[in-house]
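Enquirer: Structure provided below as structure tokens; questions to follow.
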There are 12 protein chains.
Amino acid sequence: MKILVIHGPNLNLLGEREPEVYGRTSLADIDKRLAGLAEERGIEIQTMQSNSEGAIVDAIHEARTWAGGLILNPGAYTHYSLAIRDALRAVRLPAVEVHLSNVFAREEFRHRSVIAPVCIGSVCGFGRQSYELALNGLLEYIHSRTEAR
Amino acid sequence: MKILVIHGPNLNLLGEREPEVYGRTSLADIDKRLAGLAEERGIEIQTMQSNSEGAIVDAIHEARTWAGGLILNPGAYTHYSLAIRDALRAVRLPAVEVHLSNVFAREEFRHRSVIAPVCIGSVCGFGRQSYELALNGLLEYIHSRTEAR
Amino acid sequence: MKILVIHGPNLNLLGEREPEVYGRTSLADIDKRLAGLAEERGIEIQTMQSNSEGAIVDAIHEARTWAGGLILNPGAYTHYSLAIRDALRAVRLPAVEVHLSNVFAREEFRHRSVIAPVCIGSVCGFGRQSYELALNGLLEYIHSRTEAR
Amino acid sequence: MKILVIHGPNLNLLGEREPEVYGRTSLADIDKRLAGLAEERGIEIQTMQSNSEGAIVDAIHEARTWAGGLILNPGAYTHYSLAIRDALRAVRLPAVEVHLSNVFAREEFRHRSVIAPVCIGSVCGFGRQSYELALNGLLEYIHSRTEAR
Amino acid sequence: MKILVIHGPNLNLLGEREPEVYGRTSLADIDKRLAGLAEERGIEIQTMQSNSEGAIVDAIHEARTWAGGLILNPGAYTHYSLAIRDALRAVRLPAVEVHLSNVFAREEFRHRSVIAPVCIGSVCGFGRQSYELALNGLLEYIHSRTEAR
Amino acid sequence: MKILVIHGPNLNLLGEREPEVYGRTSLADIDKRLAGLAEERGIEIQTMQSNSEGAIVDAIHEARTWAGGLILNPGAYTHYSLAIRDALRAVRLPAVEVHLSNVFAREEFRHRSVIAPVCIGSVCGFGRQSYELALNGLLEYIHSRTEAR
Amino acid sequence: MKILVIHGPNLNLLGEREPEVYGRTSLADIDKRLAGLAEERGIEIQTMQSNSEGAIVDAIHEARTWAGGLILNPGAYTHYSLAIRDALRAVRLPAVEVHLSNVFAREEFRHRSVIAPVCIGSVCGFGRQSYELALNGLLEYIHSRTEAR
Amino acid sequence: MKILVIHGPNLNLLGEREPEVYGRTSLADIDKRLAGLAEERGIEIQTMQSNSEGAIVDAIHEARTWAGGLILNPGAYTHYSLAIRDALRAVRLPAVEVHLSNVFAREEFRHRSVIAPVCIGSVCGFGRQSYELALNGLLEYIHSRTEAR
Amino acid sequence: MKILVIHGPNLNLLGEREPEVYGRTSLADIDKRLAGLAEERGIEIQTMQSNSEGAIVDAIHEARTWAGGLILNPGAYTHYSLAIRDALRAVRLPAVEVHLSNVFAREEFRHRSVIAPVCIGSVCGFGRQSYELALNGLLEYIHSRTEAR
Amino acid sequence: MKILVIHGPNLNLLGEREPEVYGRTSLADIDKRLAGLAEERGIEIQTMQSNSEGAIVDAIHEARTWAGGLILNPGAYTHYSLAIRDALRAVRLPAVEVHLSNVFAREEFRHRSVIAPVCIGSVCGFGRQSYELALNGLLEYIHSRTEAR
Amino acid sequence: MKILVIHGPNLNLLGEREPEVYGRTSLADIDKRLAGLAEERGIEIQTMQSNSEGAIVDAIHEARTWAGGLILNPGAYTHYSLAIRDALRAVRLPAVEVHLSNVFAREEFRHRSVIAPVCIGSVCGFGRQSYELALNGLLEYIHSRTEAR
Amino acid sequence: MKILVIHGPNLNLLGEREPEVYGRTSLADIDKRLAGLAEERGIEIQTMQSNSEGAIVDAIHEARTWAGGLILNPGAYTHYSLAIRDALRAVRLPAVEVHLSNVFAREEFRHRSVIAPVCIGSVCGFGRQSYELALNGLLEYIHSRTEAR
């Protein structure tokens with residue numbers, strides 16, 4: 001099975017951007033650790049980063065032909081991208097929303113997600129580990145669904 | 001005369017995406033029927049689909065040099081893309097907003113359009129036929145304006 | 001098949017009332033054109049106008065015994081008549097909401113419809129042609145439903 | 001003593017309208033049962049149904065000359081008819097608001113009543129029995145007031 | 001010149017209804033005093049009362065053929081009747097909104113008028129005299145307009 | 001069959017507390033009358049009063065093993081106790097919300113119930129009789145359900 | 001008897017300021033006409049204008065020792081001066097709120113008055129005549145109160 | 001190290017309560033799996049369940065003397081218990097908010113958490129696995145903090 | 001005379017909890033100082049602390065039989081406990097709301113008190129001294145009431 | 001040390017204005033008692049009253065050169081004078097907000113203070129005694145600060 | 001040409017007041033630099049500062065007889081002084097709104113300006129330089145207008 | 001030093017688009033004048049225009065390696081692009097928000113900027129000159145920061 005991991009806008013600056021909020025781990029570090037974890041779990045991950053809402057929608061669409069699930073850190077698009085929300089609903093792949101920081105402890109506008117209602121679950125506040133917890137959660141979810149059939 | 005038909009985000013998945021909401025007609029079917037209708041009416045249509053807000057703005061801009069009107073299904077951008085709204089106002093072409101589903105019978109956030117106020121009218125809820133009604137309405141509008149001069 | 005066309009409050013003044021918003025066509029003109037279109041399509045229409053919310057509710061009720069669908073321009077009742085909304089839901093006839101002007105380009109209070117959520121679709125902004133597009137849309141809808149059985 | 005029972009808009013379709021919400025009892029059934037209950041209690045009831053806000057206001061006005069109390073199912077007018085509210089306050093008869101369905105478990109807009117604040121109480125959610133409970137409650141209220149003098 | 005005076009819902013109970021708010025003057029008293037004042041001013045008035053929104057809309061429509069102005073106490077319709085608002089705008093007669101009580105010193109919902117924005121002015125809080133001040137104001141307004149031509 | 005009657009916070013002071021709002025009947029009086037009514041109807045009631053949200057949740061949970069229905073006067077918890085709401089939904093017993101006073105005629109914050117949406121119905125404004133009407137309504141509901149099987 | 005007439009902020013520019021809204025009459029003209037009317041009615045008026053909230057509060061306070069009533073055009077202070085509101089309530093003189101223009105037909109923020117709830121009534125939209133109607137209304141009110149004693 | 005796991009109101013009914021939302025796993029199952037996981041990780045967990053807000057506050061307070069961190073499923077208290085929020089802030093232990101279901105895909109009132117802003121992170125939507133992910137996340141967080149010293 | 005002093009949720013941690021907000025004085029210190037002050041004033045105080053809303057309601061109820069007044073620091077319950085509000089209103093003892101910190105200078109949700117409207121007054125922001133000022137204020141209030149009889 | 005006491009708008013009418021709300025004590029009485037209390041405490045107070053927002057700002061500014069603290073009853077300015085708020089923040093003197101009445105038990109608009117967030121604390125509801133409690137609280141605060149250095 | 005520069009409330013304390021927000025430049029420094037810049041540009045400036053809303057209104061009025069434009073830092077009045085807004089609209093001089101700090105990066109209430117809509121533009125966030133940019137912008141605007149004639 | 005100037009969506013149509021709002025200057029004119037001004041000031045500018053949110057985010061990111069500051073006209077993205085806001089915060093370059101028109105005098109939705117809070121300041125309403133004032137302001141800001149080190 002393959003999982004697509006999408007890093008949304010501004011995450012390419014990770015490690016460099018506001019380290020007091022987001023920590024000093026780079027995106028490459030996160031992807032590497034996720035790849036290691038994926039190998040352990042016997043699956044494959046593919047990662048992509050984009051600052052463009054349209055490109056994220058495209059990636060989600062394309063994933064419907066090859067991926068078994070999605071991990072998505074929508075960055076600032078969390079709070080307004082109904083286009084990404086519709087894309088997730090359209091492809092009907094199980095998806096998990098991830099945030100590095102605890103968005104609920106930050107500005108008011110970061111407390112509302114338009115993406116979360118179309119995901120199976122969400123993980124936030126654990127820094128780079130948020131992705132790893134999300135991957136574990138997603139795989140467990142997929143397995144339980146497969147078994148249930 | 002030429003009319004530009006713009007299909008917004010996620011409409012490329014039509015027929016496949018949530019068929020209980022959007023039906024089983026594909027975008028190609030819609031475009032083909034519109035082309036047939038255009039031929040009957042003695043005009044030409046050009047269609048494009050994009051998941052990217054910026055690309056839709058670009059297409060609207062470009063249309064100002066060759067199109068006599070616009071038909072636009074803004075998808076999720078309906079509800080927040082002030083950039084598309086400004087583009088429509090900037091080019092001053094008559095435009096019609098189209099939705100396949102009855103957006104007013106769906107989630108609260110789909111009841112508000114930032115695009116509609118800069119269109120001449122809107123049609124929603126008739127599935128693929130929404131486009132055809134919109135094209136007829138737009139042409140009638142353009143003719144009445146031409147005659148009035 | 002018969003279709004009921006209901007013109008809501010103040011539409012009796014059409015042609016005379018705020019022509020810069022509503023145009024100079026009278027209600028009689030609209031009804032005549034709709035009758036012609038109906039004949040072409042091999043159906044019959046019956047039209048009524050009332051300024052009274054209760055009379056519109058009564059007309060909708062009565063239509064359930066003889067009409068195959070409804071076209072409704074609720075005028076100002078669009079924005080608050082829950083009684084008309086309940087009537088539409090009660091009779092379960094397919095209905096289309098129609099507006100002559102683009103209500104979304106007018107006062108804020110005209111942007112919200114309590115009627116639209118119980119219709120199959122809506123058409124606005126095309127002047128008298130709004131009714132004709134609505135009739136075409138409604139018939140197409142009814143046919144597709146009939147065929148689907 | 002006489003009690004006026006007013007059935008508001010769309011209640012004439014009872015039994016036929018959305019039976020999954022309102023049940024299959026007709027208005028005639030309800031009125032008959034109420035009449036029976038009235039007889040048992042040694043009073044008389046008079047019932048009326050109207051889809052017209054104005055007619056309901058008129059009925060309330062007229063009742064002030066002969067009725068000892070009112071039972072009112074305001075239907076959709078519950079949520080906006082300040083005219084009915086003013087009428088109830090004007091006649092100063094004890095009134096009970098009744099709803100067949102549990103309005104609080106339905107659409108958001110049905111949670112707010114402009115009528116309830118000018119009634120002595122309200123009963124909702126018990127189907128046809130709502131009226132009977134209301135009648136018992138109203139009579140008890142009237143008796144306690146009479147005794148208190 | 002003729003002026004139409006419209007008394008809205010529940011005003012037929014005047015003198016009898018909540019006298020601590022509305023005083024003990026009856027509607028007949030008010031109409032009589034207005035007729036006297038009209039005679040003094042060399043004009044004619046016609047008065048009507050209705051509890052029905054639709055009937056008030058009809059009366060406003062009809063007045064456009066014979067009246068030079070309107071005085072309107074919309075009662076509870078003040079706060080939601082967009083149909084009456086549209087009727088006033090449609091007939092383009094100068095109109096004055098009148099209230100017996102100071103609506104701004106009463107319930108929150110009485111502070112908002114959907115009618116006032118389409119009138120030339122409003123008078124409230126002076127009991128029966130509100131009508132007389134309104135008539136004087138309306139006549140003065142009409143004269144100043146006539147002189148200005 | 002057994003019915004649990006729960007009296008929420010501050011109801012232990014009944015008869016003593018704000019008698020101009022709640023009357024002079026004590027809780028013991030109410031319970032006694034309910035017991036009499038239960039006997040007449042051939043059922044049993046058990047009553048409890050608590051000022052503690054948690055204790056009310058506990059009582060609702062426990063009732064799922066022995067009760068056929070619930071009558072609940074949630075007092076002030078009506079307006080915010082989502083924990084009680086969740087408890088009612090969890091045990092899936094038919095429940096009726098009861099209020100002694102007409103909450104809709106009191107402070108704004110008393111107009112909203114978070115409990116009502118998970119009940120079958122509600123009765124308010126009839127003083128101690130509210131409970132009796134609620135018991136009658138609940139029993140009737142349970143019987144109609146039983147017969148329907 | 002003496003009446004104090006207070007003209008609030010920016011009214012000193014009357015005749016010169018936005019004549020399309022406020023007309024070309026100057027404040028001196030208004031005061032002169034009011035003085036004439038006062039003479040006719042056998043009373044005296046004193047007028048003052050200030051752009052300062054504090055000075056208006058002072059004037060209202062001082063009036064409690066010599067005036068029988070107040071006419072107040074609070075200008076922009078209408079919408080936020082709780083200090084003027086408190087002053088009016090403190091002196092307990094009958095006051096009438098006056099506006100030259102129909103504030104309800106202007107910007108949203110002009111629809112709300114914090115002053116009106118503590119006045120006996122208000123008059124707006126009649127240009128300079130608003131003051132004259134207000135004076136007549138105020139005098140009538142004072143006389144009716146005097147007679148009632 | 002010891003971790004306190006708190007299950008909030010109604011979670012005692014897990015497995016039995018709304019299984020279509022919360023699944024069929026019981027609380028005992030969850031606690032057992034967590035204990036197993038804790039053992040693997042070389043730590044100890046203590047679990048408690050309460051329907052009482054005060055008891056949850058007490059448990060949090062007490063934990064400050066012996067626990068290294070908290071896992072909290074606040075159930076319905078998530079949305080209004082500022083007392084629990086203050087307790088968490090007062091004890092300054094790292095805490096993780098957990099929900100079995102995806103609260104963002106449920107009723108509007110479940111989208112807002114007053115607890116999340118004082119936690120280090122949150123996990124929701126993974127059923128019983130939410131707790132396990134939370135425990136892993138919490139331990140990782142505690143270790144990274146310890147190493148950083 | 002006896003006064004009941006109630007310390008609400010989380011106040012048991014005083015001195016230890018967020019000392020930068022609440023200072024380093026413990027609850028025992030506060031109670032001791034209050035006892036001393038009480039002795040000086042010739043009265044007696046009884047203090048209690050609870051984290052449970054229900055227990056606070058119980059304590060207020062019980063106080064009606066022996067206390068002459070209440071001092072209440074409702075902690076987080078300040079902002080939502082309508083049950084405590086109703087308890088205060090029910091017992092009709094003079095009560096003073098107290099806060100150690102200036103709640104108006106903290107998070108938005110701490111600016112609103114549901115308790116304050118049923119107290120005679122409130123004191124906040126003076127740390128432990130808030131209680132002492134409140135006690136002085138309460139005693140003065142009680143004396144002035146006694147003298148007034 | 002010197003303390004400035006500022007009485008805001010309408011307080012000059014104290015004793016005379018709405019005695020049922022504010023009591024019969026005059027401002028001179030309050031000032032006299034405060035002077036007495038100041039003498040006891042070995043400090044000096046200076047008092048001023050103004051109905052003008054600007055004059056209050058000026059007084060606050062000037063106080064920064066000679067006063068050790070401020071006691072401020074902002075009257076109606078409490079609810080909107082951001083200019084006074086900015087002045088308090090600018091001079092950085094410890095200030096206490098005072099109200100004679102319990103503002104939280106009055107009109108909704110009196111529940112919000114724009115001044116409180118920049119004060120050290122507030123006292124309301126104790127009539128004239130509010131000032132005395134505030135003075136005691138302020139002095140205690142200043143002493144604790146001085147000692148802490 | 002002459003330009004009036006108005007410094008609103010609390011700006012007299014500039015340099016001394018919250019220097020971390022407003023910097024250490026005094027108002028005299030700003031005025032001196034503006035005078036120098038004015039001389040360079042061949043115009044004259046006149047400056048005034050007031051803490052009083054009324055005095056600012058007066059100054060704006062007076063300027064209409066001699067000034068070619070206005071530069072206004074309304075301080076806290078920015079957010080509520082509709083009187084100043086009306087004054088600017090009344091005199092019809094081109095005006096520029098100026099703020100030293102970036103008001104949009106401060107408290108929520110500072111994000112809304114009632115003054116900006118009646119200015120030609122605004123400049124904020126550049127400290128004392130905000131005034132200089134505003135002066136340059138205003139002069140350029142006036143010249144372009146003059147040339148356009 | 002180099003400055004990046006970013007022109008957001010629809011600005012490519014400048015001069016052609018709604019000239020009554022935006023004037024007749026083209027973007028090339030603006031860039032040319034800015035280049036001239038830059039040369040005078042001894043710096044370099046680089047300009048870019050894009051209709052794509054993602055491309056603007058990319059440009060801001062890239063600028064962190066070579067630019068000393070940013071001038072940004074975010075067009076319609078001003079009002080919702082949290083992605084651009086996050087990008088600005090991430091790169092930590094001083095940025096100035098620029099608008100040609102006075103956005104505060106236009107539609108309500110243009111009054112709110114999500115970008116302004118992360119800029120050092122903003123300039124709006126001066127047409128093409130807005131950019132020049134912004135450049136001067138930005139350079140002055142950068143110099144003062146450099147000197148301060």
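Ligands are numbered from 1 in the order shown, residues from 1 within each chain, and chains are lettered A, B, ... in the order they appear in the structure tokens.
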Using only C-alpha atoms, find which residues of chain C lie within 10 Å of chain E and jot them down as a VMD selection string.
Expert: chain C and resid 8 to 14 16 to 19 50 to 55 74 to 81 109 to 110
Enquirer: For Leu70 of chain F, please output as a PyMOL selection string all residues within 8 Å (counting only C-alpha atoms; exclusion window: fewer than 4 positions along the same chain).
Expert: chain F and resi 3-6+93-96
Enquirer: Run DSSP on the backbone of this structure and report the residues of segment 47-146 of chain J it assigns to alpha helix (DSSP H), as an NGL selection string.
Expert: :J and (53-63 or 82-91 or 129-146)
Enquirer: Neighbours of Asn102 of chain H within 9 Å (only C-alpha atoms; same-chain residues fewer than 2 positions away dropped), as a PyMOL selection string?
Expert: (chain A and resi 116-117+119-122) or (chain H and resi 99-100+104-106+124-127)
Enquirer: Save the residues we just selected, all heavy atoms, as a tab-separated table (two decimals), in the first residue's frame?
Expert:
chain	number	residue	atom	x	y	z
A	116	ALA	N	-10.96	19.44	8.59
A	116	ALA	CA	-11.18	18.37	9.56
A	116	ALA	C	-12.49	17.60	9.37
A	116	ALA	O	-12.50	16.37	9.50
A	116	ALA	CB	-11.08	18.92	10.98
A	117	PRO	N	-13.60	18.27	9.05
A	117	PRO	CA	-14.85	17.51	8.94
A	117	PRO	C	-14.85	16.44	7.86
A	117	PRO	O	-15.71	15.57	7.87
A	117	PRO	CB	-15.89	18.60	8.62
A	117	PRO	CG	-15.29	19.87	9.10
A	117	PRO	CD	-13.81	19.72	8.93
A	119	CYS	N	-12.08	14.57	7.17
A	119	CYS	CA	-11.01	13.62	7.48
A	119	CYS	C	-11.56	12.54	8.43
A	119	CYS	O	-12.65	12.68	8.96
A	119	CYS	CB	-9.85	14.33	8.16
A	119	CYS	SG	-9.01	15.48	7.05
A	120	ILE	N	-10.76	11.47	8.61
A	120	ILE	CA	-11.20	10.49	9.62
A	120	ILE	C	-10.79	10.96	11.01
A	120	ILE	O	-11.41	10.62	12.01
A	120	ILE	CB	-10.64	9.08	9.35
A	120	ILE	CG1	-9.10	9.11	9.29
A	120	ILE	CG2	-11.22	8.51	8.07
A	120	ILE	CD1	-8.48	7.72	9.36
A	121	GLY	N	-9.72	11.75	11.09
A	121	GLY	CA	-9.27	12.21	12.38
A	121	GLY	C	-8.21	13.26	12.22
A	121	GLY	O	-7.86	13.64	11.10
A	122	SER	N	-7.70	13.76	13.36
A	122	SER	CA	-6.65	14.77	13.26
A	122	SER	C	-5.71	14.66	14.45
A	122	SER	O	-6.09	14.17	15.52
A	122	SER	CB	-7.24	16.16	13.19
A	122	SER	OG	-7.92	16.47	14.37
H	99	HIS	N	-10.17	12.37	21.70
H	99	HIS	CA	-11.56	12.05	21.41
H	99	HIS	C	-11.63	10.79	20.56
H	99	HIS	O	-10.83	10.63	19.64
H	99	HIS	CB	-12.26	13.20	20.66
H	99	HIS	CG	-12.37	14.42	21.49
H	99	HIS	ND1	-13.28	14.55	22.50
H	99	HIS	CD2	-11.65	15.57	21.48
H	99	HIS	CE1	-13.13	15.74	23.08
H	99	HIS	NE2	-12.14	16.38	22.49
H	100	LEU	N	-12.58	9.94	20.85
H	100	LEU	CA	-12.75	8.71	20.07
H	100	LEU	C	-13.23	9.04	18.67
H	100	LEU	O	-12.68	8.57	17.68
H	100	LEU	CB	-13.79	7.81	20.76
H	100	LEU	CG	-13.39	7.28	22.13
H	100	LEU	CD1	-14.63	6.83	22.89
H	100	LEU	CD2	-12.42	6.12	21.98
H	104	PHE	N	-15.02	17.10	14.82
H	104	PHE	CA	-15.22	18.14	13.80
H	104	PHE	C	-16.21	17.72	12.72
H	104	PHE	O	-16.65	18.54	11.92
H	104	PHE	CB	-13.89	18.53	13.18
H	104	PHE	CG	-12.92	19.01	14.20
H	104	PHE	CD1	-11.84	18.24	14.60
H	104	PHE	CD2	-13.11	20.24	14.81
H	104	PHE	CE1	-10.96	18.68	15.56
H	104	PHE	CE2	-12.23	20.69	15.78
H	104	PHE	CZ	-11.16	19.90	16.16
H	105	ALA	N	-16.52	16.43	12.67
H	105	ALA	CA	-17.49	15.96	11.67
H	105	ALA	C	-18.86	15.79	12.30
H	105	ALA	O	-19.76	15.24	11.68
H	105	ALA	CB	-17.01	14.65	11.06
H	106	ARG	N	-19.04	16.25	13.52
H	106	ARG	CA	-20.33	16.10	14.22
H	106	ARG	C	-21.01	17.46	14.44
H	106	ARG	O	-20.76	18.38	13.68
H	106	ARG	CB	-20.09	15.36	15.54
H	106	ARG	CG	-19.51	13.94	15.27
H	106	ARG	CD	-19.18	13.19	16.54
H	106	ARG	NE	-20.40	12.95	17.33
H	106	ARG	CZ	-20.39	12.64	18.63
H	106	ARG	NH1	-19.23	12.55	19.27
H	106	ARG	NH2	-21.50	12.44	19.28
H	124	CYS	N	-7.85	13.07	17.65
H	124	CYS	CA	-9.26	12.68	17.60
H	124	CYS	C	-9.61	11.90	16.37
H	124	CYS	O	-8.97	12.05	15.32
H	124	CYS	CB	-10.18	13.89	17.74
H	124	CYS	SG	-10.33	14.87	16.28
H	125	GLY	N	-10.60	11.03	16.50
H	125	GLY	CA	-11.15	10.34	15.34
H	125	GLY	C	-10.70	8.92	15.11
H	125	GLY	O	-11.18	8.27	14.19
H	126	PHE	N	-9.77	8.43	15.94
H	126	PHE	CA	-9.21	7.10	15.67
H	126	PHE	C	-9.80	6.02	16.59
H	126	PHE	O	-9.19	4.98	16.79
H	126	PHE	CB	-7.69	7.14	15.84
H	126	PHE	CG	-7.00	8.08	14.91
H	126	PHE	CD1	-6.67	9.37	15.30
H	126	PHE	CD2	-6.70	7.69	13.60
H	126	PHE	CE1	-6.04	10.25	14.43
H	126	PHE	CE2	-6.08	8.58	12.73
H	126	PHE	CZ	-5.74	9.86	13.14
H	127	GLY	N	-10.96	6.29	17.18
H	127	GLY	CA	-11.56	5.31	18.07
H	127	GLY	C	-10.63	5.04	19.24
H	127	GLY	O	-9.93	5.95	19.71
Enquirer: Could you check how far atom CA of Val98 of chain L sits from atom CA of Gly42 of chain L, in Å to one decimal?
Expert: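 Rounded to one decimal, the two atoms are 21.7 Å apart.
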Enquirer: What separation in Å, quoted to one decimal, exists between atom CA of Ala63 of chain I and atom CA of Glu39 of chain I?
Expert: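 Result for atom CA of Ala63 of chain I versus atom CA of Glu39 of chain I: 19.7 Å, one decimal.
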Enquirer: Pick out the residues sitting within 12 Å of His143 of chain K, and hand them over as a ChimeraX atom specification; count only C-alpha atoms, and ignore anything fewer than 4 positions along from it in its own chain.
Expert: /K:1,41,68-69,94,136-139,147-149
Enquirer: I need the residues from that last selection saved to file as a compact mmCIF listing (two decimals), in the first residue's frame (with all heavy atoms), if you can.
Expert:
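Final file, part_8.txt:
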# COMPACT_ATOMS: atom_id res chain seq x y z
N MET K 1 -0.56 77.48 -0.12
CA MET K 1 -1.57 76.59 0.49
C MET K 1 -1.22 76.25 1.93
O MET K 1 -0.06 76.15 2.28
CB MET K 1 -1.69 75.29 -0.31
CG MET K 1 -2.93 74.51 0.08
SD MET K 1 -3.07 73.00 -0.88
CE MET K 1 -1.44 72.32 -0.65
N ARG K 41 8.41 72.05 0.59
CA ARG K 41 7.38 71.87 -0.43
C ARG K 41 6.65 73.18 -0.75
O ARG K 41 5.71 73.19 -1.55
CB ARG K 41 6.35 70.81 0.04
CG ARG K 41 6.92 69.44 0.37
CD ARG K 41 7.36 68.68 -0.89
NE ARG K 41 6.30 68.60 -1.85
CZ ARG K 41 5.65 67.49 -2.21
NH1 ARG K 41 6.03 66.33 -1.67
NH2 ARG K 41 4.70 67.52 -3.10
N GLY K 68 -6.26 73.85 2.74
CA GLY K 68 -6.42 73.11 1.49
C GLY K 68 -6.52 71.61 1.72
O GLY K 68 -6.82 70.86 0.80
N GLY K 69 -6.24 71.20 2.95
CA GLY K 69 -6.29 69.77 3.26
C GLY K 69 -6.01 69.53 4.73
O GLY K 69 -5.63 70.46 5.46
N PRO K 94 -9.89 67.45 1.46
CA PRO K 94 -9.18 66.17 1.39
C PRO K 94 -8.43 65.93 2.70
O PRO K 94 -7.74 66.83 3.19
CB PRO K 94 -8.20 66.32 0.23
CG PRO K 94 -8.11 67.78 -0.03
CD PRO K 94 -9.40 68.40 0.44
N ASN K 136 3.23 64.21 2.14
CA ASN K 136 3.60 64.06 0.74
C ASN K 136 2.44 63.53 -0.09
O ASN K 136 2.16 64.03 -1.19
CB ASN K 136 4.82 63.13 0.61
CG ASN K 136 6.11 63.87 0.94
OD1 ASN K 136 6.22 65.06 0.68
ND2 ASN K 136 7.07 63.16 1.51
N GLY K 137 1.77 62.53 0.43
CA GLY K 137 0.64 61.95 -0.30
C GLY K 137 -0.48 62.95 -0.49
O GLY K 137 -1.06 63.06 -1.58
N LEU K 138 -0.77 63.71 0.55
CA LEU K 138 -1.85 64.69 0.46
C LEU K 138 -1.53 65.77 -0.57
O LEU K 138 -2.40 66.13 -1.40
CB LEU K 138 -2.08 65.32 1.85
CG LEU K 138 -3.13 66.42 1.93
CD1 LEU K 138 -4.50 65.90 1.52
CD2 LEU K 138 -3.20 66.99 3.35
N LEU K 139 -0.31 66.25 -0.54
CA LEU K 139 0.06 67.32 -1.48
C LEU K 139 -0.02 66.82 -2.92
O LEU K 139 -0.56 67.50 -3.80
CB LEU K 139 1.47 67.84 -1.16
CG LEU K 139 1.59 68.56 0.18
CD1 LEU K 139 3.03 68.99 0.43
CD2 LEU K 139 0.65 69.78 0.24
N GLU K 147 -4.37 69.97 -11.26
CA GLU K 147 -3.99 69.82 -12.68
C GLU K 147 -5.15 69.28 -13.50
O GLU K 147 -5.32 69.66 -14.67
CB GLU K 147 -2.82 68.82 -12.80
CG GLU K 147 -1.49 69.45 -12.41
CD GLU K 147 -0.45 68.39 -12.10
OE1 GLU K 147 -0.61 67.25 -12.60
OE2 GLU K 147 0.51 68.69 -11.36
N ALA K 148 -5.93 68.41 -12.91
CA ALA K 148 -7.02 67.76 -13.65
C ALA K 148 -8.09 68.75 -14.08
O ALA K 148 -8.87 68.48 -14.99
CB ALA K 148 -7.62 66.65 -12.81
N ARG K 149 -8.14 69.90 -13.40
CA ARG K 149 -9.20 70.87 -13.74
C ARG K 149 -8.96 71.50 -15.09
O ARG K 149 -7.88 71.97 -15.37
CB ARG K 149 -9.27 71.94 -12.66
CG ARG K 149 -10.15 71.47 -11.51
CD ARG K 149 -10.11 72.47 -10.38
NE ARG K 149 -10.30 71.77 -9.10
CZ ARG K 149 -9.98 72.30 -7.92
NH1 ARG K 149 -9.42 73.49 -7.86
NH2 ARG K 149 -10.20 71.62 -6.84
